[in-house]
$ cat coords_20.cif   # mmCIF, C-alpha atoms
data_run
loop_
_atom_site.label_atom_id
_atom_site.label_comp_id
_atom_site.auth_asym_id
_atom_site.auth_seq_id
_atom_site.Cartn_x
_atom_site.Cartn_y
_atom_site.Cartn_z
CA MET A 18 -35.29 151.32 63.89
CA ASP A 19 -34.64 155.04 64.19
CA ASP A 20 -31.11 156.01 63.10
CA LEU A 21 -30.65 157.89 66.39
CA ASP A 22 -31.77 154.96 68.56
CA ARG A 23 -28.65 153.32 69.96
CA PHE A 24 -30.58 150.26 71.12
CA GLU A 25 -31.27 147.14 69.08
CA PRO A 26 -34.99 146.39 68.67
CA GLY A 27 -36.72 144.22 71.26
CA GLN A 28 -36.27 143.45 74.91
CA HIS A 29 -34.35 140.65 76.65
CA THR A 30 -35.13 139.06 80.02
CA PHE A 31 -32.53 137.19 82.08
CA SER A 32 -32.74 135.31 85.40
CA GLY A 33 -29.69 134.55 87.47
CA THR A 34 -27.37 135.55 90.27
CA VAL A 35 -25.68 138.92 90.73
CA ARG A 36 -21.91 138.53 90.56
CA VAL A 37 -21.00 142.23 90.84
CA TRP A 38 -23.19 145.35 91.10
CA ALA A 39 -21.35 148.69 91.08
CA ALA A 40 -22.62 152.26 90.74
CA SER A 41 -23.35 152.07 87.01
CA THR A 42 -22.43 148.55 85.90
CA ALA A 43 -23.14 144.98 86.92
CA GLU A 44 -22.48 141.37 85.98
CA VAL A 45 -25.13 138.70 86.31
CA VAL A 46 -24.52 134.97 85.82
CA THR A 47 -27.65 133.62 84.17
CA ASP A 48 -29.23 130.28 85.03
CA SER A 49 -27.68 128.89 81.83
CA GLY A 50 -24.18 130.05 82.86
CA LEU A 51 -23.91 133.08 80.58
CA VAL A 52 -22.31 136.20 82.12
CA VAL A 53 -24.28 139.30 81.11
CA PHE A 54 -22.65 142.73 81.41
CA LEU A 55 -25.16 145.40 82.35
CA ASP A 56 -25.49 149.17 82.34
CA THR A 57 -27.34 149.83 85.60
CA ARG A 58 -27.59 153.63 85.59
CA GLY A 59 -30.79 154.67 87.36
CA GLN A 60 -31.31 151.32 89.14
CA GLN A 61 -31.09 150.60 92.86
CA PRO A 62 -28.00 148.55 93.87
CA VAL A 63 -28.48 144.82 94.37
CA PRO A 64 -26.11 142.83 96.63
CA ALA A 65 -23.80 140.19 95.16
CA GLY A 66 -25.34 136.73 95.38
CA ALA A 67 -28.94 137.96 95.05
CA ARG A 68 -31.22 136.09 92.61
CA VAL A 69 -32.76 138.48 90.10
CA THR A 70 -34.82 138.65 86.96
CA ILE A 71 -33.85 141.58 84.76
CA ASP A 72 -35.42 143.15 81.68
CA THR A 73 -32.94 144.81 79.35
CA ARG A 74 -32.51 146.58 76.03
CA LYS A 75 -29.36 145.62 74.16
CA TYR A 76 -26.73 147.94 72.82
CA ARG A 77 -23.20 146.90 72.11
CA PRO A 78 -21.35 145.63 74.07
CA CYS A 79 -23.77 145.36 76.99
CA HIS A 80 -27.42 145.51 78.03
CA PHE A 81 -29.19 148.51 79.58
CA VAL A 82 -31.35 147.48 82.53
CA THR A 83 -34.95 148.68 82.35
CA ARG A 84 -36.34 146.71 85.30
CA VAL A 85 -34.95 144.53 88.14
CA THR A 86 -36.93 142.05 90.22
CA VAL A 87 -35.13 140.60 93.26
CA LYS A 88 -36.41 137.14 94.11
#

$ encode --input "coords_20.cif" --output "structure tokens"
Amino acid sequence: MDDLDRFEPGQHTFSGTVRVWAASTAEVVTDSGLVVFLDTRGQQPVPAGARVTIDTRKYRPCHFVTRVTVK
């Protein structure tokens, strides 16, 4: 990993329900009940209650969203 790369290696994918989606942050409750805090800068807003699959890159303490698929 590059010393200047703030992201951990690898990608994570989550499926679940949007709890909150604000201008630059969101919370998604995964199908397993985990609440994932997201950095959503550059993504289109998704309404609360929508089912989504999200691809992320992790950096502490949250995940940066790289792609959102609304189901």

$ resolve_selection --input "coords_20.cif" --expression "the PyMOL selection byres ((chain A and resi 79-81) around 10)" --output "PyMOL selection string"
chain A and resi 24-25+28-29+42-44+53-58+71-78+82-84

$ atom_distance --input "coords_20.cif" --atom1 "CA of Val69 in chain A" --atom2 "CA of Thr86 in chain A"
5.5 Å

$ residues_around --input "coords_20.cif" --residues "Thr47 in chain A" --least-positions-apart "3" --cutoff "10 Å" --atoms "all atoms listed in the file" --output "ChimeraX atom specification"
/A:31-36,44,50-53,68-70

$ write_last_selection --input "coords_20.cif" --atoms "C-alpha atoms" --output "PDB file, keeping the file's coordinate frame"
ATOM      1  CA  PHE A  31     -32.530 137.190  82.080  1.00  0.00           C
ATOM      2  CA  SER A  32     -32.740 135.310  85.400  1.00  0.00           C
ATOM      3  CA  GLY A  33     -29.690 134.550  87.470  1.00  0.00           C
ATOM      4  CA  THR A  34     -27.370 135.550  90.270  1.00  0.00           C
ATOM      5  CA  VAL A  35     -25.680 138.920  90.730  1.00  0.00           C
ATOM      6  CA  ARG A  36     -21.910 138.530  90.560  1.00  0.00           C
ATOM      7  CA  GLU A  44     -22.480 141.370  85.980  1.00  0.00           C
ATOM      8  CA  GLY A  50     -24.180 130.050  82.860  1.00  0.00           C
ATOM      9  CA  LEU A  51     -23.910 133.080  80.580  1.00  0.00           C
ATOM     10  CA  VAL A  52     -22.310 136.200  82.120  1.00  0.00           C
ATOM     11  CA  VAL A  53     -24.280 139.300  81.110  1.00  0.00           C
ATOM     12  CA  ARG A  68     -31.220 136.090  92.610  1.00  0.00           C
ATOM     13  CA  VAL A  69     -32.760 138.480  90.100  1.00  0.00           C
ATOM     14  CA  THR A  70     -34.820 138.650  86.960  1.00  0.00           C
TER      15      THR A  70
END

$ atom_distance --input "coords_20.cif" --atom1 "CA of Lys88 in chain A" --atom2 "CA of Gly27 in chain A"
23.9 Å

$ atom_distance --input "coords_20.cif" --atom1 "CA of Val63 in chain A" --atom2 "CA of Trp38 in chain A"
6.2 Å

$ resolve_selection --input "coords_20.cif" --expression "the PyMOL selection byres ((chain A and resi 62) around 8)" --output "ChimeraX atom specification"
/A:38-40,60-61,63-64

$ decode --input "coords_20.cif" --residues "chain A" --atoms "C-alpha atoms" --output "PDB file, in the first residue's frame"
ATOM      1  CA  MET A  18       0.000   0.000   0.000  1.00  0.00           C
ATOM      2  CA  ASP A  19       1.272   3.451  -0.907  1.00  0.00           C
ATOM      3  CA  ASP A  20       2.095   5.559   2.166  1.00  0.00           C
ATOM      4  CA  LEU A  21      -0.043   8.391   0.756  1.00  0.00           C
ATOM      5  CA  ASP A  22      -3.079   6.161   0.111  1.00  0.00           C
ATOM      6  CA  ARG A  23      -5.539   6.748   2.941  1.00  0.00           C
ATOM      7  CA  PHE A  24      -7.610   3.706   1.993  1.00  0.00           C
ATOM      8  CA  GLU A  25      -7.081   0.165   3.230  1.00  0.00           C
ATOM      9  CA  PRO A  26      -6.446  -2.348   0.429  1.00  0.00           C
ATOM     10  CA  GLY A  27      -9.410  -4.100  -1.164  1.00  0.00           C
ATOM     11  CA  GLN A  28     -13.046  -3.334  -1.742  1.00  0.00           C
ATOM     12  CA  HIS A  29     -16.132  -4.158   0.351  1.00  0.00           C
ATOM     13  CA  THR A  30     -19.680  -4.736  -0.892  1.00  0.00           C
ATOM     14  CA  PHE A  31     -22.748  -4.359   1.331  1.00  0.00           C
ATOM     15  CA  SER A  32     -26.469  -4.924   0.704  1.00  0.00           C
ATOM     16  CA  GLY A  33     -29.121  -3.430   2.921  1.00  0.00           C
ATOM     17  CA  THR A  34     -31.529  -0.603   3.604  1.00  0.00           C
ATOM     18  CA  VAL A  35     -30.712   3.102   3.684  1.00  0.00           C
ATOM     19  CA  ARG A  36     -31.343   4.513   7.149  1.00  0.00           C
ATOM     20  CA  VAL A  37     -30.103   8.069   6.482  1.00  0.00           C
ATOM     21  CA  TRP A  38     -28.591   9.672   3.361  1.00  0.00           C
ATOM     22  CA  ALA A  39     -27.400  13.268   3.730  1.00  0.00           C
ATOM     23  CA  ALA A  40     -25.310  15.479   1.445  1.00  0.00           C
ATOM     24  CA  SER A  41     -21.988  13.768   2.159  1.00  0.00           C
ATOM     25  CA  THR A  42     -22.714  10.959   4.628  1.00  0.00           C
ATOM     26  CA  ALA A  43     -25.078   8.032   4.966  1.00  0.00           C
ATOM     27  CA  GLU A  44     -25.954   5.090   7.179  1.00  0.00           C
ATOM     28  CA  VAL A  45     -27.001   1.749   5.745  1.00  0.00           C
ATOM     29  CA  VAL A  46     -28.315  -1.171   7.808  1.00  0.00           C
ATOM     30  CA  THR A  47     -26.954  -4.300   6.156  1.00  0.00           C
ATOM     31  CA  ASP A  48     -28.935  -7.502   5.716  1.00  0.00           C
ATOM     32  CA  SER A  49     -26.985  -8.942   8.656  1.00  0.00           C
ATOM     33  CA  GLY A  50     -27.941  -5.999  10.910  1.00  0.00           C
ATOM     34  CA  LEU A  51     -24.630  -4.127  10.818  1.00  0.00           C
ATOM     35  CA  VAL A  52     -24.864  -0.324  10.534  1.00  0.00           C
ATOM     36  CA  VAL A  53     -22.283   0.960   8.034  1.00  0.00           C
ATOM     37  CA  PHE A  54     -21.298   4.633   8.095  1.00  0.00           C
ATOM     38  CA  LEU A  55     -20.539   5.941   4.624  1.00  0.00           C
ATOM     39  CA  ASP A  56     -18.804   8.866   2.968  1.00  0.00           C
ATOM     40  CA  THR A  57     -21.096   9.585   0.003  1.00  0.00           C
ATOM     41  CA  ARG A  58     -19.364  12.575  -1.601  1.00  0.00           C
ATOM     42  CA  GLY A  59     -19.947  12.489  -5.357  1.00  0.00           C
ATOM     43  CA  GLN A  60     -22.914  10.075  -5.187  1.00  0.00           C
ATOM     44  CA  GLN A  61     -26.551  10.793  -5.998  1.00  0.00           C
ATOM     45  CA  PRO A  62     -28.843  10.908  -2.927  1.00  0.00           C
ATOM     46  CA  VAL A  63     -30.865   7.787  -2.144  1.00  0.00           C
ATOM     47  CA  PRO A  64     -34.112   8.014  -0.142  1.00  0.00           C
ATOM     48  CA  ALA A  65     -34.358   6.469   3.327  1.00  0.00           C
ATOM     49  CA  GLY A  66     -35.837   2.977   3.186  1.00  0.00           C
ATOM     50  CA  ALA A  67     -34.424   2.169  -0.268  1.00  0.00           C
ATOM     51  CA  ARG A  68     -32.733  -1.227  -0.727  1.00  0.00           C
ATOM     52  CA  VAL A  69     -29.217  -0.818  -2.076  1.00  0.00           C
ATOM     53  CA  THR A  70     -26.034  -2.673  -2.850  1.00  0.00           C
ATOM     54  CA  ILE A  71     -22.949  -0.523  -2.331  1.00  0.00           C
ATOM     55  CA  ASP A  72     -19.293  -0.982  -3.208  1.00  0.00           C
ATOM     56  CA  THR A  73     -16.896   0.794  -0.869  1.00  0.00           C
ATOM     57  CA  ARG A  74     -13.258   1.377  -0.011  1.00  0.00           C
ATOM     58  CA  LYS A  75     -12.543   1.473   3.707  1.00  0.00           C
ATOM     59  CA  TYR A  76     -10.755   4.184   5.587  1.00  0.00           C
ATOM     60  CA  ARG A  77     -11.160   4.775   9.269  1.00  0.00           C
ATOM     61  CA  PRO A  78     -13.749   5.247  10.668  1.00  0.00           C
ATOM     62  CA  CYS A  79     -16.049   4.820   7.673  1.00  0.00           C
ATOM     63  CA  HIS A  80     -16.313   3.552   4.103  1.00  0.00           C
ATOM     64  CA  PHE A  81     -16.069   5.679   0.946  1.00  0.00           C
ATOM     65  CA  VAL A  82     -18.779   4.761  -1.560  1.00  0.00           C
ATOM     66  CA  THR A  83     -17.507   3.990  -5.053  1.00  0.00           C
ATOM     67  CA  ARG A  84     -20.761   2.673  -6.542  1.00  0.00           C
ATOM     68  CA  VAL A  85     -24.453   2.467  -5.519  1.00  0.00           C
ATOM     69  CA  THR A  86     -27.066   0.168  -7.032  1.00  0.00           C
ATOM     70  CA  VAL A  87     -30.685   0.823  -5.979  1.00  0.00           C
ATOM     71  CA  LYS A  88     -32.758  -2.344  -6.117  1.00  0.00           C
TER      72      LYS A  88
END
